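Shown next: start-v4.pdb, given as PDB, C-alpha atoms.
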ATOM      1  CA  MET A 960     -14.097   0.996  -1.178  1.00  0.00           C
ATOM      2  CA  LYS A 961     -12.287  -0.713   1.667  1.00  0.00           C
ATOM      3  CA  LEU A 962      -8.489  -0.751   1.713  1.00  0.00           C
ATOM      4  CA  VAL A 963      -6.849  -3.689   3.479  1.00  0.00           C
ATOM      5  CA  GLY A 964      -3.141  -3.817   4.273  1.00  0.00           C
ATOM      6  CA  LEU A 965      -1.513  -7.258   4.039  1.00  0.00           C
ATOM      7  CA  THR A 966       1.928  -7.858   5.514  1.00  0.00           C
ATOM      8  CA  GLY A 967       4.059 -10.424   7.297  1.00  0.00           C
ATOM      9  CA  GLY A 968       7.666 -11.426   7.810  1.00  0.00           C
ATOM     10  CA  ILE A 969      10.041 -12.700   5.165  1.00  0.00           C
ATOM     11  CA  ALA A 970       9.111 -16.322   4.288  1.00  0.00           C
ATOM     12  CA  SER A 971       6.054 -16.235   6.562  1.00  0.00           C
ATOM     13  CA  GLY A 972       3.673 -16.963   3.676  1.00  0.00           C
ATOM     14  CA  LYS A 973       2.383 -13.498   2.776  1.00  0.00           C
ATOM     15  CA  SER A 974       2.795 -14.102  -0.958  1.00  0.00           C
ATOM     16  CA  THR A 975       0.784 -17.324  -0.686  1.00  0.00           C
ATOM     17  CA  VAL A 976      -2.037 -15.473   1.075  1.00  0.00           C
ATOM     18  CA  SER A 977      -1.902 -12.763  -1.582  1.00  0.00           C
ATOM     19  CA  ARG A 978      -2.276 -15.415  -4.297  1.00  0.00           C
ATOM     20  CA  LEU A 979      -5.187 -17.063  -2.481  1.00  0.00           C
ATOM     21  CA  LEU A 980      -6.943 -13.710  -2.103  1.00  0.00           C
ATOM     22  CA  HIS A 981      -6.482 -13.057  -5.815  1.00  0.00           C
ATOM     23  CA  GLU A 982      -8.056 -16.450  -6.548  1.00  0.00           C
ATOM     24  CA  GLN A 983     -11.027 -15.318  -4.441  1.00  0.00           C
ATOM     25  CA  GLY A 984     -11.475 -12.332  -6.770  1.00  0.00           C
ATOM     26  CA  ILE A 985      -9.893  -9.714  -4.505  1.00  0.00           C
ATOM     27  CA  PRO A 986      -7.806  -7.073  -6.354  1.00  0.00           C
ATOM     28  CA  ILE A 987      -4.197  -7.059  -5.127  1.00  0.00           C
ATOM     29  CA  ILE A 988      -1.773  -4.146  -5.363  1.00  0.00           C
ATOM     30  CA  ASP A 989       1.691  -5.642  -4.895  1.00  0.00           C
ATOM     31  CA  ALA A 990       4.288  -3.258  -3.454  1.00  0.00           C
ATOM     32  CA  ASP A 991       7.176  -5.564  -4.411  1.00  0.00           C
ATOM     33  CA  LYS A 992       6.161  -5.568  -8.085  1.00  0.00           C
ATOM     34  CA  ILE A 993       5.786  -1.799  -8.077  1.00  0.00           C
ATOM     35  CA  ALA A 994       9.143  -1.417  -6.312  1.00  0.00           C
ATOM     36  CA  ARG A 995      10.783  -3.245  -9.215  1.00  0.00           C
ATOM     37  CA  LEU A 996       9.151  -0.926 -11.730  1.00  0.00           C
ATOM     38  CA  VAL A 997      10.104   2.326 -10.005  1.00  0.00           C
ATOM     39  CA  VAL A 998      13.825   1.440  -9.952  1.00  0.00           C
ATOM     40  CA  GLU A 999      14.092   0.596 -13.649  1.00  0.00           C
ATOM     41  CA  PRO A1000      16.693   2.557 -15.658  1.00  0.00           C
ATOM     42  CA  GLY A1001      15.624   6.144 -16.233  1.00  0.00           C
ATOM     43  CA  GLN A1002      13.251   6.280 -13.270  1.00  0.00           C
ATOM     44  CA  PRO A1003      13.857   8.954 -10.576  1.00  0.00           C
ATOM     45  CA  ALA A1004      14.329   6.295  -7.865  1.00  0.00           C
ATOM     46  CA  ASN A1005      16.990   4.583  -9.985  1.00  0.00           C
ATOM     47  CA  LYS A1006      18.889   7.863 -10.238  1.00  0.00           C
ATOM     48  CA  LEU A1007      18.614   8.461  -6.486  1.00  0.00           C
ATOM     49  CA  ILE A1008      20.006   5.019  -5.718  1.00  0.00           C
ATOM     50  CA  ARG A1009      22.931   5.618  -8.062  1.00  0.00           C
ATOM     51  CA  LYS A1010      23.549   8.972  -6.383  1.00  0.00           C
ATOM     52  CA  HIS A1011      23.605   7.553  -2.846  1.00  0.00           C
ATOM     53  CA  PHE A1012      25.015   4.057  -3.392  1.00  0.00           C
ATOM     54  CA  GLY A1013      27.266   4.547  -6.402  1.00  0.00           C
ATOM     55  CA  PRO A1014      27.669   2.493  -9.594  1.00  0.00           C
ATOM     56  CA  ASP A1015      28.836  -0.677  -7.803  1.00  0.00           C
ATOM     57  CA  VAL A1016      25.248  -1.802  -7.098  1.00  0.00           C
ATOM     58  CA  PHE A1017      24.256  -1.575 -10.784  1.00  0.00           C
ATOM     59  CA  LEU A1018      24.566  -3.960 -13.705  1.00  0.00           C
ATOM     60  CA  PRO A1019      26.079  -2.785 -17.018  1.00  0.00           C
ATOM     61  CA  ASP A1020      22.584  -2.331 -18.510  1.00  0.00           C
ATOM     62  CA  GLY A1021      21.591   0.128 -15.775  1.00  0.00           C
ATOM     63  CA  ASN A1022      19.427  -2.252 -13.778  1.00  0.00           C
ATOM     64  CA  LEU A1023      20.062  -2.860 -10.094  1.00  0.00           C
ATOM     65  CA  ASP A1024      22.410  -5.637  -9.078  1.00  0.00           C
ATOM     66  CA  ARG A1025      19.966  -6.883  -6.458  1.00  0.00           C
ATOM     67  CA  PRO A1026      22.204  -9.471  -4.747  1.00  0.00           C
ATOM     68  CA  LYS A1027      24.954  -6.893  -4.312  1.00  0.00           C
ATOM     69  CA  LEU A1028      22.553  -4.217  -3.081  1.00  0.00           C
ATOM     70  CA  GLY A1029      21.040  -6.766  -0.711  1.00  0.00           C
ATOM     71  CA  GLN A1030      24.434  -7.457   0.832  1.00  0.00           C
ATOM     72  CA  VAL A1031      24.811  -3.730   1.511  1.00  0.00           C
ATOM     73  CA  ILE A1032      21.427  -3.024   3.066  1.00  0.00           C
ATOM     74  CA  PHE A1033      20.947  -6.210   5.106  1.00  0.00           C
ATOM     75  CA  SER A1034      24.155  -5.526   7.022  1.00  0.00           C
ATOM     76  CA  ASP A1035      23.666  -1.765   7.488  1.00  0.00           C
ATOM     77  CA  PRO A1036      20.407  -0.364   8.937  1.00  0.00           C
ATOM     78  CA  ALA A1037      21.341   3.203   7.931  1.00  0.00           C
ATOM     79  CA  LYS A1038      21.831   2.155   4.294  1.00  0.00           C
ATOM     80  CA  ARG A1039      18.545   0.254   4.426  1.00  0.00           C
ATOM     81  CA  ARG A1040      16.707   3.378   5.597  1.00  0.00           C
ATOM     82  CA  LEU A1041      18.396   5.393   2.870  1.00  0.00           C
ATOM     83  CA  LEU A1042      17.255   2.938   0.205  1.00  0.00           C
ATOM     84  CA  ASN A1043      13.702   3.110   1.533  1.00  0.00           C
ATOM     85  CA  GLN A1044      13.817   6.903   1.314  1.00  0.00           C
ATOM     86  CA  CYS A1045      14.798   6.577  -2.346  1.00  0.00           C
ATOM     87  CA  THR A1046      12.008   4.192  -3.290  1.00  0.00           C
ATOM     88  CA  HIS A1047       9.060   4.463  -0.890  1.00  0.00           C
ATOM     89  CA  PRO A1048       7.596   7.791  -2.123  1.00  0.00           C
ATOM     90  CA  ALA A1049       7.383   6.489  -5.705  1.00  0.00           C
ATOM     91  CA  VAL A1050       5.958   3.145  -4.581  1.00  0.00           C
ATOM     92  CA  ARG A1051       3.342   4.806  -2.358  1.00  0.00           C
ATOM     93  CA  LYS A1052       2.271   7.164  -5.160  1.00  0.00           C
ATOM     94  CA  GLU A1053       1.821   4.313  -7.653  1.00  0.00           C
ATOM     95  CA  MET A1054      -0.090   2.175  -5.148  1.00  0.00           C
ATOM     96  CA  LEU A1055      -2.558   4.963  -4.403  1.00  0.00           C
ATOM     97  CA  LYS A1056      -2.993   5.610  -8.126  1.00  0.00           C
ATOM     98  CA  GLN A1057      -3.809   1.949  -8.728  1.00  0.00           C
ATOM     99  CA  ALA A1058      -6.213   1.960  -5.757  1.00  0.00           C
ATOM    100  CA  PHE A1059      -8.011   4.946  -7.277  1.00  0.00           C
ATOM    101  CA  PHE A1060      -8.397   3.110 -10.593  1.00  0.00           C
ATOM    102  CA  HIS A1061      -9.848   0.086  -8.771  1.00  0.00           C
ATOM    103  CA  TRP A1062     -12.361   2.418  -7.100  1.00  0.00           C
ATOM    104  CA  LEU A1063     -13.352   3.813 -10.501  1.00  0.00           C
ATOM    105  CA  ARG A1064     -13.984   0.244 -11.681  1.00  0.00           C
ATOM    106  CA  GLY A1065     -16.335  -0.318  -8.749  1.00  0.00           C
ATOM    107  CA  ALA A1066     -14.179  -2.555  -6.540  1.00  0.00           C
ATOM    108  CA  ASP A1067     -15.616  -3.032  -3.057  1.00  0.00           C
ATOM    109  CA  VAL A1068     -12.303  -4.019  -1.433  1.00  0.00           C
ATOM    110  CA  VAL A1069      -8.656  -3.809  -2.476  1.00  0.00           C
ATOM    111  CA  VAL A1070      -5.688  -5.411  -0.708  1.00  0.00           C
ATOM    112  CA  LEU A1071      -2.361  -3.594  -0.513  1.00  0.00           C
ATOM    113  CA  ASP A1072       0.351  -6.261  -0.291  1.00  0.00           C
ATOM    114  CA  VAL A1073       3.161  -4.392   1.493  1.00  0.00           C
ATOM    115  CA  PRO A1074       6.103  -6.136   3.230  1.00  0.00           C
ATOM    116  CA  LEU A1075       6.954  -2.958   5.163  1.00  0.00           C
ATOM    117  CA  LEU A1076       3.369  -1.896   5.848  1.00  0.00           C
ATOM    118  CA  PHE A1077       4.008  -0.696   9.415  1.00  0.00           C
ATOM    119  CA  GLU A1078       7.592   0.444   8.867  1.00  0.00           C
ATOM    120  CA  ALA A1079       6.559   2.675   5.946  1.00  0.00           C
ATOM    121  CA  GLY A1080       3.531   4.059   7.802  1.00  0.00           C
ATOM    122  CA  MET A1081       1.108   2.713   5.189  1.00  0.00           C
ATOM    123  CA  ASP A1082      -1.020   1.119   7.892  1.00  0.00           C
ATOM    124  CA  LYS A1083      -2.401   4.637   8.415  1.00  0.00           C
ATOM    125  CA  ILE A1084      -4.091   4.718   5.003  1.00  0.00           C
ATOM    126  CA  VAL A1085      -5.858   1.340   5.230  1.00  0.00           C
ATOM    127  CA  GLY A1086      -8.966   0.396   7.151  1.00  0.00           C
ATOM    128  CA  THR A1087      -7.814  -3.071   8.224  1.00  0.00           C
ATOM    129  CA  THR A1088      -4.374  -4.604   8.701  1.00  0.00           C
ATOM    130  CA  VAL A1089      -3.712  -8.320   8.203  1.00  0.00           C
ATOM    131  CA  VAL A1090      -0.501 -10.054   9.293  1.00  0.00           C
ATOM    132  CA  VAL A1091       0.556 -13.517   8.124  1.00  0.00           C
ATOM    133  CA  TYR A1092       2.342 -15.234  11.010  1.00  0.00           C
ATOM    134  CA  CYS A1093       4.450 -18.323  11.593  1.00  0.00           C
ATOM    135  CA  SER A1094       6.944 -19.221  14.317  1.00  0.00           C
ATOM    136  CA  GLU A1095      10.480 -17.842  13.996  1.00  0.00           C
ATOM    137  CA  VAL A1096      11.908 -21.368  13.778  1.00  0.00           C
ATOM    138  CA  LEU A1097       9.589 -22.226  10.903  1.00  0.00           C
ATOM    139  CA  GLN A1098      10.284 -18.870   9.268  1.00  0.00           C
ATOM    140  CA  LEU A1099      14.028 -19.526   9.449  1.00  0.00           C
ATOM    141  CA  GLN A1100      13.675 -23.016   7.966  1.00  0.00           C
ATOM    142  CA  ARG A1101      11.474 -21.800   5.119  1.00  0.00           C
ATOM    143  CA  LEU A1102      13.806 -18.939   4.263  1.00  0.00           C
ATOM    144  CA  MET A1103      16.895 -21.173   4.213  1.00  0.00           C
ATOM    145  CA  ARG A1104      15.124 -23.657   1.959  1.00  0.00           C
ATOM    146  CA  ARG A1105      13.561 -21.047  -0.333  1.00  0.00           C
ATOM    147  CA  ASP A1106      16.697 -18.954  -0.936  1.00  0.00           C
ATOM    148  CA  SER A1107      19.268 -21.735  -0.511  1.00  0.00           C
ATOM    149  CA  ILE A1108      21.189 -19.772   2.131  1.00  0.00           C
ATOM    150  CA  ASP A1109      22.774 -20.739   5.426  1.00  0.00           C
ATOM    151  CA  GLU A1110      21.351 -20.066   8.872  1.00  0.00           C
ATOM    152  CA  GLU A1111      23.517 -17.003   9.504  1.00  0.00           C
ATOM    153  CA  ALA A1112      22.428 -15.268   6.292  1.00  0.00           C
ATOM    154  CA  ALA A1113      18.775 -16.168   6.879  1.00  0.00           C
ATOM    155  CA  THR A1114      18.893 -14.880  10.459  1.00  0.00           C
ATOM    156  CA  GLN A1115      20.443 -11.608   9.270  1.00  0.00           C
ATOM    157  CA  ARG A1116      17.594 -11.076   6.796  1.00  0.00           C
ATOM    158  CA  ILE A1117      14.937 -11.822   9.405  1.00  0.00           C
ATOM    159  CA  ARG A1118      16.571  -9.455  11.902  1.00  0.00           C
ATOM    160  CA  ALA A1119      16.640  -6.716   9.243  1.00  0.00           C
ATOM    161  CA  GLN A1120      12.830  -6.488   9.437  1.00  0.00           C
ATOM    162  CA  MET A1121      10.462  -5.526  12.208  1.00  0.00           C
ATOM    163  CA  ALA A1122       9.934  -8.529  14.489  1.00  0.00           C
ATOM    164  CA  LEU A1123       6.954 -10.579  13.367  1.00  0.00           C
ATOM    165  CA  SER A1124       5.655 -10.577  16.941  1.00  0.00           C
ATOM    166  CA  ASP A1125       5.550  -6.759  16.866  1.00  0.00           C
ATOM    167  CA  LYS A1126       3.544  -6.845  13.634  1.00  0.00           C
ATOM    168  CA  VAL A1127       1.126  -9.333  15.167  1.00  0.00           C
ATOM    169  CA  ALA A1128       0.608  -6.999  18.124  1.00  0.00           C
ATOM    170  CA  ARG A1129      -0.373  -4.160  15.769  1.00  0.00           C
ATOM    171  CA  ALA A1130      -2.558  -6.212  13.417  1.00  0.00           C
ATOM    172  CA  ASP A1131      -6.346  -6.179  13.245  1.00  0.00           C
ATOM    173  CA  ILE A1132      -6.393  -9.730  11.861  1.00  0.00           C
ATOM    174  CA  VAL A1133      -3.735 -12.456  12.143  1.00  0.00           C
ATOM    175  CA  LEU A1134      -3.493 -15.479   9.837  1.00  0.00           C
ATOM    176  CA  ASP A1135      -1.484 -18.351  11.325  1.00  0.00           C
ATOM    177  CA  ASN A1136       0.539 -20.040   8.583  1.00  0.00           C
ATOM    178  CA  SER A1137       2.162 -22.625  10.839  1.00  0.00           C
ATOM    179  CA  SER A1138       0.185 -25.533   9.424  1.00  0.00           C
ATOM    180  CA  ASP A1139      -0.555 -26.714   5.878  1.00  0.00           C
ATOM    181  CA  LEU A1140      -2.037 -25.045   2.793  1.00  0.00           C
ATOM    182  CA  VAL A1141      -5.539 -26.416   3.426  1.00  0.00           C
ATOM    183  CA  GLN A1142      -5.695 -24.692   6.820  1.00  0.00           C
ATOM    184  CA  LEU A1143      -4.426 -21.464   5.281  1.00  0.00           C
ATOM    185  CA  GLN A1144      -7.040 -21.618   2.504  1.00  0.00           C
ATOM    186  CA  THR A1145      -9.776 -21.924   5.137  1.00  0.00           C
ATOM    187  CA  GLN A1146      -8.444 -18.888   6.986  1.00  0.00           C
ATOM    188  CA  VAL A1147      -8.284 -16.867   3.753  1.00  0.00           C
ATOM    189  CA  LYS A1148     -11.908 -17.701   2.887  1.00  0.00           C
ATOM    190  CA  ASN A1149     -12.961 -16.537   6.355  1.00  0.00           C
ATOM    191  CA  LEU A1150     -10.865 -13.411   5.878  1.00  0.00           C
ATOM    192  CA  VAL A1151     -12.649 -12.560   2.624  1.00  0.00           C
ATOM    193  CA  ARG A1152     -16.010 -12.768   4.388  1.00  0.00           C
ATOM    194  CA  ARG A1153     -14.754 -10.420   7.103  1.00  0.00           C
ATOM    195  CA  ILE A1154     -13.228  -7.748   4.867  1.00  0.00           C
ATOM    196  CA  ARG A1155     -15.897  -7.545   2.155  1.00  0.00           C
ATOM    197  CA  PRO A1156     -18.219  -4.612   2.905  1.00  0.00           C
ATOM    198  CA  SER A1157     -21.968  -5.065   2.653  1.00  0.00           C
ATOM    199  CA  THR A1158     -23.705  -4.056  -0.575  1.00  0.00           C
ATOM    200  CA  ALA A1159     -25.262  -1.044   1.151  1.00  0.00           C
ATOM    201  CA  MET A1160     -21.888   0.119   2.475  1.00  0.00           C
ATOM    202  CA  TRP A1161     -20.265  -0.402  -0.937  1.00  0.00           C
ATOM    203  CA  LEU A1162     -22.973   1.691  -2.634  1.00  0.00           C
ATOM    204  CA  LEU A1163     -22.527   4.425  -0.054  1.00  0.00           C
ATOM    205  CA  GLU A1164     -18.743   4.492  -0.417  1.00  0.00           C
ATOM    206  CA  TYR A1165     -18.723   4.116  -4.214  1.00  0.00           C
ATOM    207  CA  ALA A1166     -21.652   6.341  -5.155  1.00  0.00           C
ATOM    208  CA  GLY A1167     -21.343   8.749  -2.235  1.00  0.00           C
ATOM    209  CA  PRO A1168     -18.481  11.007  -3.425  1.00  0.00           C
ATOM    210  CA  PRO A1169     -19.717  11.293  -7.059  1.00  0.00           C
ATOM    211  CA  ALA A1170     -23.266  11.922  -5.832  1.00  0.00           C
ATOM    212  CA  PHE A1171     -22.030  14.634  -3.493  1.00  0.00           C
ATOM    213  CA  LEU A1172     -20.060  16.332  -6.272  1.00  0.00           C
ATOM    214  CA  PHE A1173     -23.016  16.058  -8.658  1.00  0.00           C
ATOM    215  CA  GLY A1174     -25.331  17.563  -6.043  1.00  0.00           C
ATOM    216  CA  LEU A1175     -22.846  20.334  -5.407  1.00  0.00           C
ATOM    217  CA  ALA A1176     -22.665  21.119  -9.113  1.00  0.00           C
ATOM    218  CA  ILE A1177     -26.477  21.202  -9.446  1.00  0.00           C
ATOM    219  CA  SER A1178     -26.790  23.426  -6.374  1.00  0.00           C
ATOM    220  CA  ALA A1179     -24.194  25.799  -7.751  1.00  0.00           C
ATOM    221  CA  LYS A1180     -26.012  25.974 -11.087  1.00  0.00           C
ATOM    222  CA  LEU A1181     -29.356  26.685  -9.404  1.00  0.00           C
ATOM    223  CA  PHE A1182     -28.359  29.010  -6.606  1.00  0.00           C
ATOM    224  CA  LEU A1183     -25.094  30.665  -7.647  1.00  0.00           C
ATOM    225  CA  PRO A1184     -26.726  33.115 -10.106  1.00  0.00           C
ATOM    226  CA  ARG A1185     -29.220  34.181  -7.410  1.00  0.00           C
ATOM    227  CA  LEU A1186     -26.448  34.572  -4.873  1.00  0.00           C
ATOM    228  CA  LEU A1187     -24.332  36.662  -7.247  1.00  0.00           C
ATOM    229  CA  SER A1188     -27.349  38.815  -8.111  1.00  0.00           C
ATOM    230  CA  TYR A1189     -28.061  39.350  -4.414  1.00  0.00           C
ATOM    231  CA  LEU A1190     -24.445  40.267  -3.689  1.00  0.00           C
ATOM    232  CA  GLY A1191     -24.398  42.632  -6.677  1.00  0.00           C
ATOM    233  CA  ASN A1192     -27.528  44.439  -5.478  1.00  0.00           C
ATOM    234  CA  TRP A1193     -26.134  44.638  -1.951  1.00  0.00           C
ATOM    235  CA  VAL A1194     -22.896  46.238  -3.227  1.00  0.00           C
ATOM    236  CA  VAL A1195     -24.834  48.772  -5.287  1.00  0.00           C
ATOM    237  CA  GLU A1196     -27.006  49.691  -2.278  1.00  0.00           C
ATOM    238  CA  ARG A1197     -23.962  50.075  -0.035  1.00  0.00           C
ATOM    239  CA  ARG A1198     -22.247  52.358  -2.503  1.00  0.00           C
ATOM    240  CA  ALA A1199     -25.406  54.437  -2.849  1.00  0.00           C
ATOM    241  CA  THR A1200     -25.652  54.767   0.947  1.00  0.00           C
ATOM    242  CA  ILE A1201     -22.018  55.882   1.246  1.00  0.00           C
ATOM    243  CA  THR A1202     -22.323  58.582  -1.442  1.00  0.00           C
ATOM    244  CA  ARG A1203     -25.372  60.232   0.202  1.00  0.00           C
TER     245      ARG A1203
END

Could you spell out this file's structure in structure tokens?
Amino acid sequence: MKLVGLTGGIASGKSTVSRLLHEQGIPIIDADKIARLVVEPGQPANKLIRKHFGPDVFLPDGNLDRPKLGQVIFSDPAKRRLLNQCTHPAVRKEMLKQAFFHWLRGADVVVLDVPLLFEAGMDKIVGTTVVVYCSEVLQLQRLMRRDSIDEEAATQRIRAQMALSDKVARADIVLDNSSDLVQLQTQVKNLVRRIRPSTAMWLLEYAGPPAFLFGLAISAKLFLPRLLSYLGNWVVERRATITR
């Protein structure tokens, strides 16, 4: 099974690409959705955030006060790193678990939708990285319109992430979302053709590990008794030689 990492900048159109890939039948593992689950009341990450950030960033019901927490982390890189340390291990564990389940179901390719793909080092566990790009001016305009915030707040949020140009430089595939939806749909269809492994490769990757383990088990059943018998006879002979 091929793992593909999908990322981009805030308001660059990554979520739209993720939706289009899903419509093409590609399984998507969404890091943002998982991140919301792992910080629910009672979860270890929720307790860590309370420990390091205090009760002020929580609502009365125990859920995170996301706007308030956002104000803290977007203005303080050290606090942002601390938050990532609280949540990323749990998110990474759940994503890999879901990827394993997709492999069991016979998926040939799975996309990991991760905003901080490079920052979190998750590019190292995927075979192909895809970055959704648009110009910084367009990114700024989209973010201001989407979140109804002013230019200063939008710029602060963009600057809080790795520069989109740096992500583009590290990507295997770049999708340019500077035009309209039709152009993006065409790029996504081409992307699906590029990332889908051939049937032969899928069979090798899917059936290979189980076949290897099955062969190992059969070999052990056939040859292990003979090997143990041989070792037992050798030990007896050695002891007999020593006592003479």

Open item on the list: List the spatial neighbours of A:Val1096 as a PyMOL selection string - criterion: any atom at most 12 Å away, all atoms listed in the file, same-chain residues fewer than 5 positions off excluded.
Closed with: chain A and resi 970-971+1101-1103+1110+1113-1114+1117+1123+1137

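The shortest atom-to-atom distance to A:Phe1077, with all atoms listed in the file taken into account, belongs to A:Gln1120 out of A:Gln1120, A:Ser1107, A:Gln1100, A:Ser1034.
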
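Relative to atom CA of A:Met960, atom CA of A:Val1069 is found at 7.4 Å.
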
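What separates atom CA of A:His1047 from atom CA of A:Leu1071 is a distance of 14.0 Å.
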
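If all atoms listed in the file are the atoms counted, then among A:Ala1079, A:Val1050, A:Ile1032, A:Leu1134 the closest residue to A:Gly967 is A:Leu1134.
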
- [ ] Enumerate, as number ranges by chain, the protein, DNA and RNA residues whose atoms approach (12.2, -2.6, -8.3) to within 12 Å, taking into account all atoms listed in the file and the coordinate frame of the file.
- [x] A: 989-1000, 1002-1005, 1008, 1022-1025, 1028, 1042-1043, 1045-1047, 1049-1050

Task: Å distance separating atom CA of A:Leu1018 from atom CA of A:Gln1115, one decimal place - done: 24.6 Å

Neighbours of A:Asp1125 within 12 Å (only C-alpha atoms; same-chain residues fewer than 3 positions away dropped), as a PDB file with C-alpha atoms, in the frame of the given file?
ATOM      1  CA  THR A 966       1.928  -7.858   5.514  1.00  0.00           C
ATOM      2  CA  GLY A 967       4.059 -10.424   7.297  1.00  0.00           C
ATOM      3  CA  GLY A 968       7.666 -11.426   7.810  1.00  0.00           C
ATOM      4  CA  PHE A1077       4.008  -0.696   9.415  1.00  0.00           C
ATOM      5  CA  GLU A1078       7.592   0.444   8.867  1.00  0.00           C
ATOM      6  CA  VAL A1090      -0.501 -10.054   9.293  1.00  0.00           C
ATOM      7  CA  TYR A1092       2.342 -15.234  11.010  1.00  0.00           C
ATOM      8  CA  GLN A1120      12.830  -6.488   9.437  1.00  0.00           C
ATOM      9  CA  MET A1121      10.462  -5.526  12.208  1.00  0.00           C
ATOM     10  CA  ALA A1122       9.934  -8.529  14.489  1.00  0.00           C
ATOM     11  CA  ALA A1128       0.608  -6.999  18.124  1.00  0.00           C
ATOM     12  CA  ARG A1129      -0.373  -4.160  15.769  1.00  0.00           C
ATOM     13  CA  ALA A1130      -2.558  -6.212  13.417  1.00  0.00           C
ATOM     14  CA  VAL A1133      -3.735 -12.456  12.143  1.00  0.00           C
TER      15      VAL A1133
END

Task: Near-stretch 1140-1145 of chain A list (8 Å; all atoms listed in the file; drop same-chain fewer than 5 positions) as a ChimeraX atom specification - done: /A:976,979,1134-1135

Kindly save the residues from that selection, with C-alpha atoms included, as a PDB file, in the frame of the given file.
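This is the output file again_7.pdb:
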ATOM      1  CA  VAL A 976      -2.037 -15.473   1.075  1.00  0.00           C
ATOM      2  CA  LEU A 979      -5.187 -17.063  -2.481  1.00  0.00           C
ATOM      3  CA  LEU A1134      -3.493 -15.479   9.837  1.00  0.00           C
ATOM      4  CA  ASP A1135      -1.484 -18.351  11.325  1.00  0.00           C
TER       5      ASP A1135
END

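For the choices A:Ser1157, A:Gln1146, A:Gln1057, A:Thr1088, the atom-to-atom distance to A:Pro986 is smallest for A:Gln1057 when using only C-alpha atoms.
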
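Across A:Leu1097, A:Ile1177, A:Ile985, A:Leu1190, the tightest approach to A:Val1151 is made by A:Ile985 when counting only C-alpha atoms.
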
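Nearest residue to A:Asp1035, choosing from A:Leu1187, A:Cys1093, A:Val1070, A:Ala1119 and counting all atoms listed in the file: A:Ala1119.
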
Name the residues captured by the PyMOL selection byres ((chain A and resi 1154) around 9) when it is applied to the shown file; answer as a PDB file with C-alpha atoms, in the coordinates of the input.
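Result went into selection.pdb, see below:
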ATOM      1  CA  LYS A 961     -12.287  -0.713   1.667  1.00  0.00           C
ATOM      2  CA  VAL A 963      -6.849  -3.689   3.479  1.00  0.00           C
ATOM      3  CA  VAL A1068     -12.303  -4.019  -1.433  1.00  0.00           C
ATOM      4  CA  THR A1087      -7.814  -3.071   8.224  1.00  0.00           C
ATOM      5  CA  ASN A1149     -12.961 -16.537   6.355  1.00  0.00           C
ATOM      6  CA  LEU A1150     -10.865 -13.411   5.878  1.00  0.00           C
ATOM      7  CA  VAL A1151     -12.649 -12.560   2.624  1.00  0.00           C
ATOM      8  CA  ARG A1152     -16.010 -12.768   4.388  1.00  0.00           C
ATOM      9  CA  ARG A1153     -14.754 -10.420   7.103  1.00  0.00           C
ATOM     10  CA  ARG A1155     -15.897  -7.545   2.155  1.00  0.00           C
ATOM     11  CA  PRO A1156     -18.219  -4.612   2.905  1.00  0.00           C
TER      12      PRO A1156
END
